[in-house]
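Just below is one structure, and these are the notes that go with it.
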Amino acid sequence: MGRRAHRPDPSQRRQVEALAAYGIPEADISGVVGIDPKTLRKHYREELDFGETKANAQVAGFLFNAAKNGNVTAQIFWLKTRAKWRETPMELRHSGAIARKDLNELTDEELMSMIHSLSADIGPSPMKTIDAGLETTARAQGNVLRLTPKT
């Protein structure tokens, strides 16, 4: 004696279509319905094929209505995905020469000249040299310059 033939009812069709729309694999859908995967494909071919499409269409309709009703995020998403709009990167133009100077190769006078000319461009207060009666220690430790009173 063989198994009785599967007869899908409307609620099972809706269930299979919904599960297919959610992206559930056919093997899992057949387990939920309680039938063999071959039987699922035989009796529910349309639901399996169009469940995802119908769900996408419904969500697209909601998105479209949200965009029409002023939802800016929905409008931007729609235009980027459906109308192929893209954000164009800003083009930056360099106005100066691209060069690299090794400051170690410059003399103190050249460095001071650069500092004065740059400070004139940006407007900080002029530099003043103050003789505080200090001398530098001959041996520097790391990057620290030691100042000691003149004796």
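Simple scheme: letters A, B, ... for chains in structure tokens order, numbers from 1 for residues in each chain, numbers from 1 for ligands in the order shown.
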
> Got a sec: who's within 12 Å of region 8-11 of chain A, counting only C-alpha atoms, leaving out chain neighbours fewer than 2 positions off, as number ranges by chain?
Replying inline: A: 5-6, 13-18, 33-35, 39-45, 47

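The neighbours of Asn65 (chain A) here are the residues that come within 12 Å of it, using only C-alpha atoms and leaving out any residue fewer than 6 positions away in the same chain; they are Gln58, Val59, Asn71, Val72, Ala74, Gln75 and Trp78 of chain A.
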
Could those residues be written to a file, using N, CA and C atoms, as a PDB file, in the first residue's frame?
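Now in again26.pdb:
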```pdb
ATOM      1  N   GLN A  58       6.171  43.805  -3.253  1.00  0.00           N
ATOM      2  CA  GLN A  58       5.425  44.446  -2.173  1.00  0.00           C
ATOM      3  C   GLN A  58       6.306  45.445  -1.424  1.00  0.00           C
ATOM      4  N   VAL A  59       7.539  45.043  -1.111  1.00  0.00           N
ATOM      5  CA  VAL A  59       8.458  45.940  -0.411  1.00  0.00           C
ATOM      6  C   VAL A  59       8.796  47.138  -1.302  1.00  0.00           C
ATOM      7  N   ASN A  71       9.706  60.787   2.218  1.00  0.00           N
ATOM      8  CA  ASN A  71      10.776  60.158   2.990  1.00  0.00           C
ATOM      9  C   ASN A  71      12.068  60.291   2.184  1.00  0.00           C
ATOM     10  N   VAL A  72      12.944  61.203   2.638  1.00  0.00           N
ATOM     11  CA  VAL A  72      14.158  61.526   1.883  1.00  0.00           C
ATOM     12  C   VAL A  72      15.077  60.310   1.767  1.00  0.00           C
ATOM     13  N   ALA A  74      14.227  57.181   1.623  1.00  0.00           N
ATOM     14  CA  ALA A  74      13.641  56.312   0.607  1.00  0.00           C
ATOM     15  C   ALA A  74      13.871  56.895  -0.791  1.00  0.00           C
ATOM     16  N   GLN A  75      13.768  58.207  -0.916  1.00  0.00           N
ATOM     17  CA  GLN A  75      14.002  58.842  -2.214  1.00  0.00           C
ATOM     18  C   GLN A  75      15.442  58.632  -2.676  1.00  0.00           C
ATOM     19  N   TRP A  78      15.969  54.972  -3.599  1.00  0.00           N
ATOM     20  CA  TRP A  78      15.314  54.667  -4.869  1.00  0.00           C
ATOM     21  C   TRP A  78      16.148  55.198  -6.040  1.00  0.00           C
TER      22      TRP A  78
END
```
